[in-house]
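Novice: Contents are mmCIF, C-alpha atoms; file name final_7.cif:
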```
data_run
loop_
_atom_site.group_PDB
_atom_site.id
_atom_site.type_symbol
_atom_site.label_atom_id
_atom_site.label_comp_id
_atom_site.auth_asym_id
_atom_site.auth_seq_id
_atom_site.Cartn_x
_atom_site.Cartn_y
_atom_site.Cartn_z
ATOM 1 C CA MET A 13 27.724 194.844 157.211
ATOM 2 C CA GLN A 14 29.384 191.543 157.955
ATOM 3 C CA TYR A 15 32.778 191.211 159.664
ATOM 4 C CA ARG A 16 35.686 188.794 159.432
ATOM 5 C CA ILE A 17 38.969 188.342 161.309
ATOM 6 C CA LEU A 18 42.066 189.732 159.575
ATOM 7 C CA GLY A 19 44.352 186.770 160.149
ATOM 8 C CA LYS A 20 46.836 186.907 162.985
ATOM 9 C CA THR A 21 46.178 190.629 163.575
ATOM 10 C CA GLY A 22 42.995 189.601 165.377
ATOM 11 C CA PHE A 23 41.261 192.706 163.961
ATOM 12 C CA GLU A 24 37.544 192.148 163.336
ATOM 13 C CA ILE A 25 37.082 194.095 160.123
ATOM 14 C CA SER A 26 34.301 194.797 157.648
ATOM 15 C CA GLU A 27 34.374 192.215 154.862
ATOM 16 C CA LEU A 28 33.545 195.048 152.466
ATOM 17 C CA SER A 29 36.070 197.735 153.273
ATOM 18 C CA LEU A 30 37.383 200.720 151.331
ATOM 19 C CA GLY A 31 40.357 201.263 149.063
ATOM 20 C CA THR A 32 41.280 204.925 148.595
ATOM 21 C CA TRP A 33 43.306 205.062 145.385
ATOM 22 C CA GLN A 34 40.607 207.262 143.812
ATOM 23 C CA VAL A 35 38.743 208.469 146.896
ATOM 24 C CA GLY A 36 39.371 212.133 145.989
ATOM 25 C CA GLY A 37 37.966 211.705 142.482
ATOM 26 C CA LYS A 38 38.474 209.700 139.322
ATOM 27 C CA TRP A 39 41.928 208.366 138.476
ATOM 28 C CA GLY A 40 44.096 211.158 137.121
ATOM 29 C CA SER A 41 41.584 213.927 137.818
ATOM 30 C CA GLY A 42 43.202 215.568 140.834
ATOM 31 C CA PHE A 43 42.198 215.358 144.490
ATOM 32 C CA ASP A 44 38.968 216.773 145.926
ATOM 33 C CA ASP A 45 39.085 216.881 149.749
ATOM 34 C CA LYS A 46 35.333 217.430 150.084
ATOM 35 C CA ASN A 47 34.599 214.402 147.914
ATOM 36 C CA ALA A 48 37.081 212.310 149.880
ATOM 37 C CA ASP A 49 35.574 213.302 153.227
ATOM 38 C CA GLU A 50 32.054 212.525 152.026
ATOM 39 C CA ILE A 51 33.027 209.068 150.778
ATOM 40 C CA LEU A 52 35.066 208.190 153.852
ATOM 41 C CA ASN A 53 32.352 209.281 156.266
ATOM 42 C CA ALA A 54 29.620 207.523 154.293
ATOM 43 C CA ALA A 55 31.642 204.314 154.282
ATOM 44 C CA ILE A 56 32.135 204.476 158.055
ATOM 45 C CA ASP A 57 28.443 205.270 158.534
ATOM 46 C CA ALA A 58 27.685 202.051 156.622
ATOM 47 C CA GLY A 59 29.858 199.996 158.959
ATOM 48 C CA VAL A 60 33.240 200.055 157.211
ATOM 49 C CA ASN A 61 35.990 199.943 159.828
ATOM 50 C CA PHE A 62 39.040 199.143 157.668
ATOM 51 C CA ILE A 63 40.466 201.697 155.237
ATOM 52 C CA ASP A 64 43.383 201.051 152.906
ATOM 53 C CA THR A 65 45.532 203.862 151.549
ATOM 54 C CA ALA A 66 49.142 204.456 150.441
ATOM 55 C CA ASP A 67 51.728 207.197 150.605
ATOM 56 C CA VAL A 68 51.775 207.526 146.795
ATOM 57 C CA TYR A 69 48.014 207.937 146.336
ATOM 58 C CA GLU A 70 47.725 211.504 145.056
ATOM 59 C CA ASN A 71 51.107 212.367 146.563
ATOM 60 C CA GLY A 72 50.012 211.698 150.128
ATOM 61 C CA MET A 73 46.677 213.523 149.950
ATOM 62 C CA SER A 74 44.753 210.263 150.316
ATOM 63 C CA GLU A 75 46.630 209.459 153.540
ATOM 64 C CA THR A 76 45.966 212.968 154.825
ATOM 65 C CA ALA A 77 42.235 212.665 154.123
ATOM 66 C CA VAL A 78 42.009 209.235 155.748
ATOM 67 C CA GLY A 79 43.779 210.447 158.871
ATOM 68 C CA ARG A 80 41.665 213.592 159.080
ATOM 69 C CA VAL A 81 38.381 211.679 158.916
ATOM 70 C CA VAL A 82 39.462 208.837 161.197
ATOM 71 C CA ARG A 83 40.595 211.285 163.880
ATOM 72 C CA GLN A 84 37.179 212.950 163.761
ATOM 73 C CA ARG A 85 35.257 209.713 164.269
ATOM 74 C CA SER A 86 34.558 207.971 167.548
ATOM 75 C CA GLU A 87 34.483 204.459 166.045
ATOM 76 C CA ARG A 88 37.531 202.195 166.020
ATOM 77 C CA ILE A 89 38.710 202.455 162.432
ATOM 78 C CA TYR A 90 41.692 200.378 161.324
ATOM 79 C CA VAL A 91 44.041 202.236 158.993
ATOM 80 C CA ALA A 92 46.297 200.397 156.582
ATOM 81 C CA THR A 93 48.793 202.215 154.414
ATOM 82 C CA LYS A 94 51.710 201.237 152.192
ATOM 83 C CA CYS A 95 55.276 202.272 151.533
ATOM 84 C CA GLY A 96 57.976 201.667 148.958
ATOM 85 C CA ARG A 97 56.549 202.940 145.687
ATOM 86 C CA GLN A 98 58.108 206.357 146.235
ATOM 87 C CA ILE A 99 61.468 204.731 145.528
ATOM 88 C CA ASN A 100 62.515 205.937 142.084
ATOM 89 C CA PRO A 101 63.694 204.033 140.196
ATOM 90 C CA HIS A 102 61.629 201.349 141.893
ATOM 91 C CA THR A 103 64.388 198.777 142.262
ATOM 92 C CA ASN A 104 65.545 196.288 144.859
ATOM 93 C CA GLU A 105 68.604 198.450 145.581
ATOM 94 C CA GLY A 106 66.364 201.347 146.593
ATOM 95 C CA TYR A 107 64.846 199.340 149.424
ATOM 96 C CA GLN A 108 66.970 200.218 152.439
ATOM 97 C CA PRO A 109 65.910 200.088 156.110
ATOM 98 C CA GLU A 110 66.494 203.786 156.729
ATOM 99 C CA VAL A 111 64.452 204.707 153.645
ATOM 100 C CA LEU A 112 61.488 202.598 154.764
ATOM 101 C CA VAL A 113 61.630 203.961 158.312
ATOM 102 C CA LYS A 114 61.380 207.500 156.939
ATOM 103 C CA PHE A 115 58.394 206.517 154.796
ATOM 104 C CA VAL A 116 56.586 205.178 157.868
ATOM 105 C CA GLU A 117 57.355 208.320 159.847
ATOM 106 C CA ASP A 118 56.110 210.468 156.954
ATOM 107 C CA SER A 119 52.855 208.468 156.851
ATOM 108 C CA LEU A 120 52.380 208.994 160.575
ATOM 109 C CA ARG A 121 52.879 212.723 160.085
ATOM 110 C CA ARG A 122 50.419 212.939 157.171
ATOM 111 C CA THR A 123 47.706 210.894 158.881
ATOM 112 C CA GLY A 124 48.215 212.525 162.257
ATOM 113 C CA LEU A 125 47.998 209.089 163.874
ATOM 114 C CA GLU A 126 50.254 207.947 166.696
ATOM 115 C CA CYS A 127 50.457 204.399 165.354
ATOM 116 C CA LEU A 128 49.633 202.713 162.041
ATOM 117 C CA ASP A 129 47.498 199.608 162.422
ATOM 118 C CA LEU A 130 49.024 198.033 159.315
ATOM 119 C CA ILE A 131 51.939 199.077 157.112
ATOM 120 C CA GLN A 132 52.362 197.182 153.857
ATOM 121 C CA LEU A 133 55.289 196.966 151.488
ATOM 122 C CA HIS A 134 53.833 198.294 148.245
ATOM 123 C CA CYS A 135 54.454 195.719 145.514
ATOM 124 C CA PRO A 136 58.242 195.613 145.910
ATOM 125 C CA PRO A 137 60.477 193.895 143.351
ATOM 126 C CA THR A 138 60.728 190.143 143.853
ATOM 127 C CA GLU A 139 64.330 190.377 145.144
ATOM 128 C CA VAL A 140 63.116 192.293 148.223
ATOM 129 C CA TYR A 141 61.293 189.188 149.462
ATOM 130 C CA TYR A 142 64.673 187.468 149.829
ATOM 131 C CA ARG A 143 66.130 190.107 152.169
ATOM 132 C CA PRO A 144 65.394 189.348 155.833
ATOM 133 C CA GLU A 145 66.817 192.692 156.957
ATOM 134 C CA ILE A 146 63.941 194.495 155.234
ATOM 135 C CA PHE A 147 61.343 192.545 157.190
ATOM 136 C CA GLU A 148 63.317 192.846 160.431
ATOM 137 C CA THR A 149 63.196 196.639 160.080
ATOM 138 C CA PHE A 150 59.488 196.577 160.855
ATOM 139 C CA GLU A 151 60.068 194.685 164.098
ATOM 140 C CA ARG A 152 61.969 197.698 165.371
ATOM 141 C CA LEU A 153 59.111 199.972 164.282
ATOM 142 C CA LYS A 154 56.727 197.749 166.255
ATOM 143 C CA GLU A 155 58.929 198.005 169.336
ATOM 144 C CA GLN A 156 58.882 201.793 168.955
ATOM 145 C CA GLY A 157 55.066 201.793 168.847
ATOM 146 C CA LYS A 158 54.912 203.243 165.342
ATOM 147 C CA ILE A 159 53.143 200.260 163.740
ATOM 148 C CA LEU A 160 51.078 197.339 164.984
ATOM 149 C CA HIS A 161 51.437 194.944 162.045
ATOM 150 C CA LEU A 162 53.317 194.389 158.792
ATOM 151 C CA GLY A 163 51.782 193.234 155.533
ATOM 152 C CA VAL A 164 52.676 193.165 151.864
ATOM 153 C CA SER A 165 50.853 194.073 148.692
ATOM 154 C CA VAL A 166 51.925 191.775 145.866
ATOM 155 C CA GLU A 167 51.687 191.484 142.105
ATOM 156 C CA LYS A 168 52.246 187.742 141.860
ATOM 157 C CA VAL A 169 51.202 184.648 143.780
ATOM 158 C CA GLU A 170 54.861 183.616 144.068
ATOM 159 C CA GLN A 171 55.675 186.863 145.887
ATOM 160 C CA GLY A 172 52.846 186.252 148.340
ATOM 161 C CA LEU A 173 54.053 182.730 149.028
ATOM 162 C CA LYS A 174 57.574 183.988 149.719
ATOM 163 C CA ALA A 175 56.356 186.873 151.888
ATOM 164 C CA ILE A 176 54.401 184.662 154.270
ATOM 165 C CA GLU A 177 57.534 182.689 155.060
ATOM 166 C CA PHE A 178 58.423 185.692 157.260
ATOM 167 C CA PRO A 179 56.517 185.189 160.533
ATOM 168 C CA ASN A 180 55.945 188.914 161.057
ATOM 169 C CA VAL A 181 53.948 189.227 157.813
ATOM 170 C CA SER A 182 50.366 189.329 159.071
ATOM 171 C CA THR A 183 48.522 190.136 155.835
ATOM 172 C CA VAL A 184 48.854 189.887 152.078
ATOM 173 C CA GLN A 185 47.008 192.187 149.722
ATOM 174 C CA ILE A 186 46.502 190.481 146.379
ATOM 175 C CA ILE A 187 44.476 190.852 143.189
ATOM 176 C CA PHE A 188 41.673 188.309 143.208
ATOM 177 C CA ASN A 189 38.450 188.385 141.235
ATOM 178 C CA LEU A 190 36.441 186.392 138.720
ATOM 179 C CA PHE A 191 39.084 187.188 136.068
ATOM 180 C CA ARG A 192 42.089 186.515 138.378
ATOM 181 C CA GLN A 193 41.541 183.162 140.042
ATOM 182 C CA ARG A 194 45.016 181.744 140.553
ATOM 183 C CA PRO A 195 45.355 182.901 144.199
ATOM 184 C CA MET A 196 42.575 180.539 145.296
ATOM 185 C CA GLU A 197 44.804 177.572 144.584
ATOM 186 C CA LEU A 198 48.030 177.176 146.563
ATOM 187 C CA PHE A 199 48.220 180.688 148.000
ATOM 188 C CA PHE A 200 44.893 180.608 149.848
ATOM 189 C CA GLN A 201 45.833 177.239 151.308
ATOM 190 C CA GLU A 202 49.233 178.398 152.560
ATOM 191 C CA ALA A 203 47.925 181.700 153.915
ATOM 192 C CA LYS A 204 45.242 179.890 155.897
ATOM 193 C CA LYS A 205 47.862 177.516 157.302
ATOM 194 C CA ARG A 206 49.869 180.504 158.611
ATOM 195 C CA ASP A 207 46.833 182.519 159.737
ATOM 196 C CA VAL A 208 47.674 185.306 157.279
ATOM 197 C CA GLY A 209 44.886 187.748 156.495
ATOM 198 C CA ILE A 210 43.970 188.113 152.818
ATOM 199 C CA ILE A 211 43.008 191.576 151.581
ATOM 200 C CA VAL A 212 41.549 191.503 148.073
ATOM 201 C CA ARG A 213 42.341 194.419 145.795
ATOM 202 C CA VAL A 214 41.202 195.221 142.230
ATOM 203 C CA PRO A 215 38.051 193.173 142.934
ATOM 204 C CA LEU A 216 36.166 194.555 139.941
ATOM 205 C CA ALA A 217 39.059 194.286 137.460
ATOM 206 C CA SER A 218 39.328 198.087 137.189
ATOM 207 C CA GLY A 219 35.580 198.343 136.652
ATOM 208 C CA LEU A 220 35.428 195.787 133.850
ATOM 209 C CA LEU A 221 33.371 193.430 136.023
ATOM 210 C CA THR A 222 30.685 196.051 136.633
ATOM 211 C CA GLY A 223 29.344 195.308 133.158
ATOM 212 C CA LEU A 224 29.011 199.041 132.551
ATOM 213 C CA TYR A 225 31.827 199.364 129.994
ATOM 214 C CA HIS A 226 31.626 198.769 126.243
ATOM 215 C CA GLU A 227 33.780 199.154 123.131
ATOM 216 C CA GLY A 228 33.106 202.879 122.990
ATOM 217 C CA THR A 229 33.895 203.644 126.627
ATOM 218 C CA THR A 230 36.684 206.216 126.905
ATOM 219 C CA PHE A 231 39.025 206.974 129.795
ATOM 220 C CA GLU A 232 40.975 210.153 130.552
ATOM 221 C CA LYS A 233 44.562 210.200 129.308
ATOM 222 C CA ASP A 234 45.943 210.117 132.873
ATOM 223 C CA ASP A 235 43.719 207.155 133.792
ATOM 224 C CA HIS A 236 45.677 203.885 133.935
ATOM 225 C CA ARG A 237 42.811 202.217 132.075
ATOM 226 C CA HIS A 238 43.845 204.373 129.132
ATOM 227 C CA PHE A 239 47.649 204.293 129.272
ATOM 228 C CA ASN A 240 48.590 201.082 131.098
ATOM 229 C CA ARG A 241 46.791 198.319 129.209
ATOM 230 C CA ASP A 242 50.144 197.031 127.966
ATOM 231 C CA GLY A 243 52.109 197.926 131.099
ATOM 232 C CA ALA A 244 53.437 201.313 129.977
ATOM 233 C CA GLY A 245 53.283 202.770 133.506
ATOM 234 C CA PHE A 246 53.429 199.756 135.841
ATOM 235 C CA ASP A 247 52.554 196.072 135.892
ATOM 236 C CA LYS A 248 49.751 195.585 133.370
ATOM 237 C CA GLY A 249 48.101 193.111 135.712
ATOM 238 C CA GLU A 250 46.880 196.124 137.701
ATOM 239 C CA THR A 251 44.747 197.261 134.753
ATOM 240 C CA PHE A 252 41.666 195.154 133.955
ATOM 241 C CA SER A 253 43.513 192.384 135.867
ATOM 242 C CA GLY A 254 45.783 192.059 132.845
ATOM 243 C CA VAL A 255 42.915 190.877 130.635
ATOM 244 C CA ASN A 256 42.756 192.144 127.067
ATOM 245 C CA TYR A 257 39.948 194.714 127.056
ATOM 246 C CA ALA A 258 38.048 193.281 124.089
ATOM 247 C CA LEU A 259 38.334 189.749 125.460
ATOM 248 C CA GLY A 260 37.161 190.981 128.844
ATOM 249 C CA LEU A 261 34.101 192.588 127.295
ATOM 250 C CA ALA A 262 33.273 189.317 125.536
ATOM 251 C CA ALA A 263 33.499 187.439 128.826
ATOM 252 C CA VAL A 264 31.392 190.060 130.585
ATOM 253 C CA SER A 265 28.701 189.689 127.936
ATOM 254 C CA LYS A 266 28.410 186.043 128.940
ATOM 255 C CA LEU A 267 28.246 187.093 132.584
ATOM 256 C CA LYS A 268 25.401 189.472 131.739
ATOM 257 C CA ALA A 269 23.529 186.593 130.153
ATOM 258 C CA LEU A 270 23.742 184.711 133.461
ATOM 259 C CA PHE A 271 22.213 187.662 135.324
ATOM 260 C CA PRO A 272 19.956 189.349 132.739
ATOM 261 C CA GLU A 273 18.003 191.248 135.394
ATOM 262 C CA GLU A 274 21.150 192.991 136.712
ATOM 263 C CA GLU A 275 22.283 196.175 134.972
ATOM 264 C CA ASN A 276 25.215 196.600 137.374
ATOM 265 C CA LEU A 277 27.224 193.411 137.924
ATOM 266 C CA ALA A 278 29.508 194.854 140.632
ATOM 267 C CA PRO A 279 27.536 193.333 143.548
ATOM 268 C CA ILE A 280 27.586 189.943 141.806
ATOM 269 C CA ALA A 281 31.366 190.149 141.274
ATOM 270 C CA LEU A 282 31.950 191.145 144.896
ATOM 271 C CA GLN A 283 29.647 188.406 146.122
ATOM 272 C CA TRP A 284 31.656 185.849 144.142
ATOM 273 C CA ILE A 285 34.808 186.925 146.004
ATOM 274 C CA LEU A 286 33.084 186.756 149.385
ATOM 275 C CA THR A 287 32.022 183.155 148.781
ATOM 276 C CA HIS A 288 35.665 182.304 149.569
ATOM 277 C CA PRO A 289 36.038 182.070 153.367
ATOM 278 C CA GLU A 290 39.824 182.543 153.167
ATOM 279 C CA VAL A 291 39.240 186.177 152.150
ATOM 280 C CA SER A 292 39.395 188.577 155.102
ATOM 281 C CA CYS A 293 38.095 191.610 153.258
ATOM 282 C CA VAL A 294 37.625 193.202 149.863
ATOM 283 C CA ILE A 295 38.683 196.818 149.265
ATOM 284 C CA PRO A 296 36.789 198.194 146.258
ATOM 285 C CA GLY A 297 37.450 201.849 145.598
ATOM 286 C CA ALA A 298 34.964 204.668 145.208
ATOM 287 C CA SER A 299 35.324 208.029 143.528
ATOM 288 C CA LYS A 300 31.710 208.998 144.266
ATOM 289 C CA LEU A 301 28.976 208.047 146.712
ATOM 290 C CA ALA A 302 27.123 206.032 144.066
ATOM 291 C CA HIS A 303 30.061 203.613 143.960
ATOM 292 C CA LEU A 304 29.681 202.965 147.691
ATOM 293 C CA ALA A 305 25.969 202.319 147.257
ATOM 294 C CA SER A 306 26.772 199.868 144.467
ATOM 295 C CA ASN A 307 29.314 198.014 146.613
ATOM 296 C CA PHE A 308 27.034 197.784 149.636
ATOM 297 C CA SER A 309 24.105 196.533 147.534
ATOM 298 C CA VAL A 310 25.821 193.139 147.863
ATOM 299 C CA TYR A 311 23.673 192.765 150.953
ATOM 300 C CA ASP A 312 20.492 193.323 148.949
ATOM 301 C CA GLN A 313 21.275 190.357 146.684
ATOM 302 C CA PRO A 314 20.162 186.782 147.285
ATOM 303 C CA PRO A 315 23.150 184.471 147.892
ATOM 304 C CA LEU A 316 24.762 183.090 144.772
ATOM 305 C CA SER A 317 23.760 179.485 144.174
ATOM 306 C CA SER A 318 26.378 176.817 143.599
ATOM 307 C CA ALA A 319 25.090 176.539 140.020
ATOM 308 C CA GLN A 320 25.620 180.278 139.456
ATOM 309 C CA VAL A 321 29.134 180.149 140.891
ATOM 310 C CA SER A 322 29.968 177.184 138.653
ATOM 311 C CA ALA A 323 28.615 179.003 135.600
ATOM 312 C CA MET A 324 30.683 182.098 136.470
ATOM 313 C CA ASN A 325 33.814 179.977 136.832
ATOM 314 C CA ALA A 326 33.108 178.340 133.492
ATOM 315 C CA ILE A 327 33.292 181.776 131.836
ATOM 316 C CA TYR A 328 36.754 182.239 133.324
ATOM 317 C CA GLU A 329 37.825 178.807 132.100
ATOM 318 C CA GLU A 330 36.579 179.446 128.585
ATOM 319 C CA TYR A 331 37.586 183.066 128.013
ATOM 320 C CA ILE A 332 40.225 184.210 130.490
ATOM 321 C CA LYS A 333 42.316 181.428 131.989
ATOM 322 C CA ALA A 334 44.588 180.650 129.055
ATOM 323 C CA GLU A 335 45.589 184.309 128.698
ATOM 324 C CA VAL A 336 46.316 185.334 132.293
ATOM 325 C CA HIS A 337 46.330 182.429 134.752
ATOM 326 C CA HIS A 338 50.027 181.627 134.451
ATOM 327 C CA LEU A 339 51.219 185.255 134.504
ATOM 328 C CA TRP A 340 50.345 186.348 138.044
#
```
Could you write out this file's structure as structure tokens?

Specialist:
Amino acid sequence: MQYRILGKTGFEISELSLGTWQVGGKWGSGFDDKNADEILNAAIDAGVNFIDTADVYENGMSETAVGRVVRQRSERIYVATKCGRQINPHTNEGYQPEVLVKFVEDSLRRTGLECLDLIQLHCPPTEVYYRPEIFETFERLKEQGKILHLGVSVEKVEQGLKAIEFPNVSTVQIIFNLFRQRPMELFFQEAKKRDVGIIVRVPLASGLLTGLYHEGTTFEKDDHRHFNRDGAGFDKGETFSGVNYALGLAAVSKLKALFPEEENLAPIALQWILTHPEVSCVIPGASKLAHLASNFSVYDQPPLSSAQVSAMNAIYEEYIKAEVHHLW
């Protein structure tokens, strides 16, 4: 495992960390505590020391599992969670200081931790980024010893750019992968200037970049890859990075041609992300131990050559850029 500094937090964290949206099982399949504990412990055994969760993941069960495992371990494990998506309807008006304070206190109760290393606003509406009182709320929580740092998880580059204007925003969690390249332009530059840590989510474009899907692949009805391709449940950019599924498969076929010896392209896709030094860590998810093994096999791969990286970027330019680059 390799480690990087998470911006102004000063945390030295595993560059391959763990996202826990589906740690208890596949999306929409219910939560399996035994499965979650196995995955979390295996990740820590492999050197992962940064775990990302959220209060809405399986109605708090993900947070509970993360806290349970972290409390049982002797290693220093950094726990990041999120708040705000419980607000229903999820509108700017619903974001009120007292509401957010209660969410943080509820997360502390579920995890059993005395202090959260990182609390992140969970993809709030754009208007929230123009309300200083929301960001000031977390200063009081710091003073009370309930959190160490504040971050945001964003849908759009513009939201990330606005968020880092607040000096107490230490991290930004953003979608970045071979099929979502816009963040590497202005946002990476500005985040580096302000020493803001960059946490990369959806690194495999909801599994599309593994190269294991095809036209006949089916997903369960409660899986966002089934119901959210057009944004029926939430921002469609969360699903396959907003790329049309058929178009994505066509682009992946070209990627397979670049790496004909690789059946599973996940390590290649993760390696591409890690070639960007501005990235603090990547948080691929895992619903079974085999997914962890796939993620960590990055370290079994030879480094990508500059020619390979250029060829990968050319696929984005040809197939993907015109459809999604301007949207997020």

Novice: Using only C-alpha atoms, which of A:Gln108, A:Tyr311, A:Ile17, A:Lys174 sits nearest Ala58 of chain A?

Specialist: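 For Ala58 of chain A, the nearest of the given residues is A:Tyr311.
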
Novice: Within 10 Å of Lys268 of chain A, counting all atoms listed in the file, which residues show up once you throw out same-chain ones fewer than 5 positions away? Write them as a list in words, please.

Specialist: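 The neighbour list is Leu221, Thr222, Gly223, Ala263, Glu273, Glu274, Glu275, Asn276 and Leu277 of chain A.
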
Novice: Which residue gives the smallest distance to Val255 of chain A among A:Glu139, A:Glu197, A:Glu335, A:Glu167, with all atoms listed in the file counted?

Specialist: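 Answer, going by the shortest atom-to-atom distance: A:Glu335.
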
Novice: Run the PyMOL selection byres ((chain A and resi 185) around 6) on the file and write out the hits as JSON, numbers by chain.

Specialist: {"A": [165, 184, 186, 210, 211, 212]}

Novice: Determine the nearest neighbour of Ala77 of chain A from the options A:Glu105, A:Asp44, A:Asp57, A:Asp234, counting all atoms listed in the file.

Specialist: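 Checking each candidate against Ala77 of chain A, we get A:Asp44 as the closest.
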
Novice: Which residue out of A:Ala334, A:Ile63, A:Met13, A:Leu52 has the minimum interatomic distance to Ser29 of chain A when all atoms listed in the file are used?

Specialist: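 Closest candidate: A:Ile63.
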
Novice: With distances taken over all atoms listed in the file, which of A:Leu220, A:Ala326, A:Val82, A:Val164 is nearest to Leu259 of chain A?

Specialist: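 Comparing A:Leu220, A:Ala326, A:Val82, A:Val164 against Leu259 of chain A, the winner is A:Leu220.
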
Novice: My list of candidates is A:Asn61, A:Thr21, A:Gln156, A:Thr230. Which is closest to Val181 of chain A when distances are computed with all atoms listed in the file?

Specialist: A:Thr21

Novice: Report as a count of residues only the full result of the PyMOL selection byres ((chain A and resi 227) around 8) when it is applied to this structure.

Specialist: 6

Novice: To test your reading of the syntax: which residues would the PyMOL selection byres ((chain A and resi 74) around 10) return for the file shown? Reply as a list in words.

Specialist: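 The output of the PyMOL selection byres ((chain A and resi 74) around 10) on this file is Thr32, Trp33, Gln34, Val35, Gly36, Phe43, Asp44, Asp45, Ala48, Asp64, Thr65, Ala66, Asp67, Val68, Tyr69, Glu70, Asn71, Gly72, Met73, Glu75, Thr76, Ala77, Val78, Gly79, Arg80, Thr93, Arg122 and Thr123 of chain A.
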
Novice: Would you work out the distance separating atom CA of Leu18 of chain A from atom CA of Ser182 of chain A, expressed in Å to one decimal?

Specialist: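 Separation between atom CA of Leu18 of chain A and atom CA of Ser182 of chain A: 8.3 Å.
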
Novice: What's the separation between atom CA of Ile56 of chain A and atom CA of Arg85 of chain A, in Å to one decimal place?

Specialist: 8.7 Å

Novice: Can you work out the spacing between atom CA of Leu125 of chain A and atom CA of Asn104 of chain A in Å, to one decimal?

Specialist: 28.9 Å

Novice: Using only C-alpha atoms, determine which residues lie at most 10 Å from segment 110-115 of chain A, disregarding the query and same-chain residues fewer than 5 positions distant; provide the list as a ChimeraX atom specification.

Specialist: /A:67,94-99,120-121,133,146,149-150,152-153,158

Novice: If you count all atoms listed in the file, which residues fall within 12 Å of Ala302 of chain A, apart from same-chain ones fewer than 3 positions away, as a PyMOL selection string?

Specialist: chain A and resi 47+50-51+54-55+276+278+297-299+305-309

Novice: Could you give me, as a ChimeraX atom specification, the residues within 9 Å of Asp129 of chain A, counting all atoms listed in the file and dropping anything in the same chain fewer than 6 positions from it?

Specialist: /A:90-93,158-162

Novice: Would you save segment 158-169 of chain A to a file, keeping N, CA, C and O atoms, as a PDB file, in the first residue's frame?

Specialist:
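Contents of result_0.pdb, freshly written:
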```pdb
ATOM      1  N   LYS A 158     -16.332  17.435  18.330  1.00  0.00           N
ATOM      2  CA  LYS A 158     -17.149  16.398  17.687  1.00  0.00           C
ATOM      3  C   LYS A 158     -16.638  16.022  16.299  1.00  0.00           C
ATOM      4  O   LYS A 158     -16.901  14.921  15.811  1.00  0.00           O
ATOM      5  N   ILE A 159     -15.925  16.936  15.646  1.00  0.00           N
ATOM      6  CA  ILE A 159     -15.321  16.661  14.343  1.00  0.00           C
ATOM      7  C   ILE A 159     -13.909  17.246  14.319  1.00  0.00           C
ATOM      8  O   ILE A 159     -13.603  18.180  15.070  1.00  0.00           O
ATOM      9  N   LEU A 160     -13.074  16.696  13.450  1.00  0.00           N
ATOM     10  CA  LEU A 160     -11.751  17.281  13.242  1.00  0.00           C
ATOM     11  C   LEU A 160     -11.727  18.160  11.997  1.00  0.00           C
ATOM     12  O   LEU A 160     -11.102  19.210  11.993  1.00  0.00           O
ATOM     13  N   HIS A 161     -12.401  17.716  10.920  1.00  0.00           N
ATOM     14  CA  HIS A 161     -12.330  18.447   9.663  1.00  0.00           C
ATOM     15  C   HIS A 161     -13.662  18.390   8.930  1.00  0.00           C
ATOM     16  O   HIS A 161     -14.455  17.469   9.110  1.00  0.00           O
ATOM     17  N   LEU A 162     -13.856  19.398   8.064  1.00  0.00           N
ATOM     18  CA  LEU A 162     -15.035  19.485   7.208  1.00  0.00           C
ATOM     19  C   LEU A 162     -14.626  19.287   5.752  1.00  0.00           C
ATOM     20  O   LEU A 162     -13.599  19.808   5.297  1.00  0.00           O
ATOM     21  N   GLY A 163     -15.443  18.542   5.033  1.00  0.00           N
ATOM     22  CA  GLY A 163     -15.264  18.393   3.593  1.00  0.00           C
ATOM     23  C   GLY A 163     -16.612  18.459   2.909  1.00  0.00           C
ATOM     24  O   GLY A 163     -17.657  18.606   3.557  1.00  0.00           O
ATOM     25  N   VAL A 164     -16.594  18.355   1.594  1.00  0.00           N
ATOM     26  CA  VAL A 164     -17.840  18.304   0.832  1.00  0.00           C
ATOM     27  C   VAL A 164     -17.720  17.196  -0.209  1.00  0.00           C
ATOM     28  O   VAL A 164     -16.632  16.895  -0.704  1.00  0.00           O
ATOM     29  N   SER A 165     -18.843  16.603  -0.517  1.00  0.00           N
ATOM     30  CA  SER A 165     -18.947  15.695  -1.653  1.00  0.00           C
ATOM     31  C   SER A 165     -19.790  16.426  -2.687  1.00  0.00           C
ATOM     32  O   SER A 165     -20.865  16.950  -2.353  1.00  0.00           O
ATOM     33  N   VAL A 166     -19.301  16.512  -3.914  1.00  0.00           N
ATOM     34  CA  VAL A 166     -19.966  17.349  -4.916  1.00  0.00           C
ATOM     35  C   VAL A 166     -20.375  16.549  -6.137  1.00  0.00           C
ATOM     36  O   VAL A 166     -19.818  15.491  -6.434  1.00  0.00           O
ATOM     37  N   GLU A 167     -21.353  17.103  -6.850  1.00  0.00           N
ATOM     38  CA  GLU A 167     -21.759  16.549  -8.145  1.00  0.00           C
ATOM     39  C   GLU A 167     -20.990  17.216  -9.276  1.00  0.00           C
ATOM     40  O   GLU A 167     -20.608  16.556 -10.247  1.00  0.00           O
ATOM     41  N   LYS A 168     -20.777  18.522  -9.149  1.00  0.00           N
ATOM     42  CA  LYS A 168     -20.236  19.307 -10.255  1.00  0.00           C
ATOM     43  C   LYS A 168     -18.934  20.011  -9.870  1.00  0.00           C
ATOM     44  O   LYS A 168     -18.735  20.386  -8.713  1.00  0.00           O
ATOM     45  N   VAL A 169     -18.088  20.203 -10.863  1.00  0.00           N
ATOM     46  CA  VAL A 169     -16.840  20.934 -10.664  1.00  0.00           C
ATOM     47  C   VAL A 169     -17.115  22.314 -10.081  1.00  0.00           C
ATOM     48  O   VAL A 169     -16.416  22.770  -9.156  1.00  0.00           O
TER      49      VAL A 169
END
```
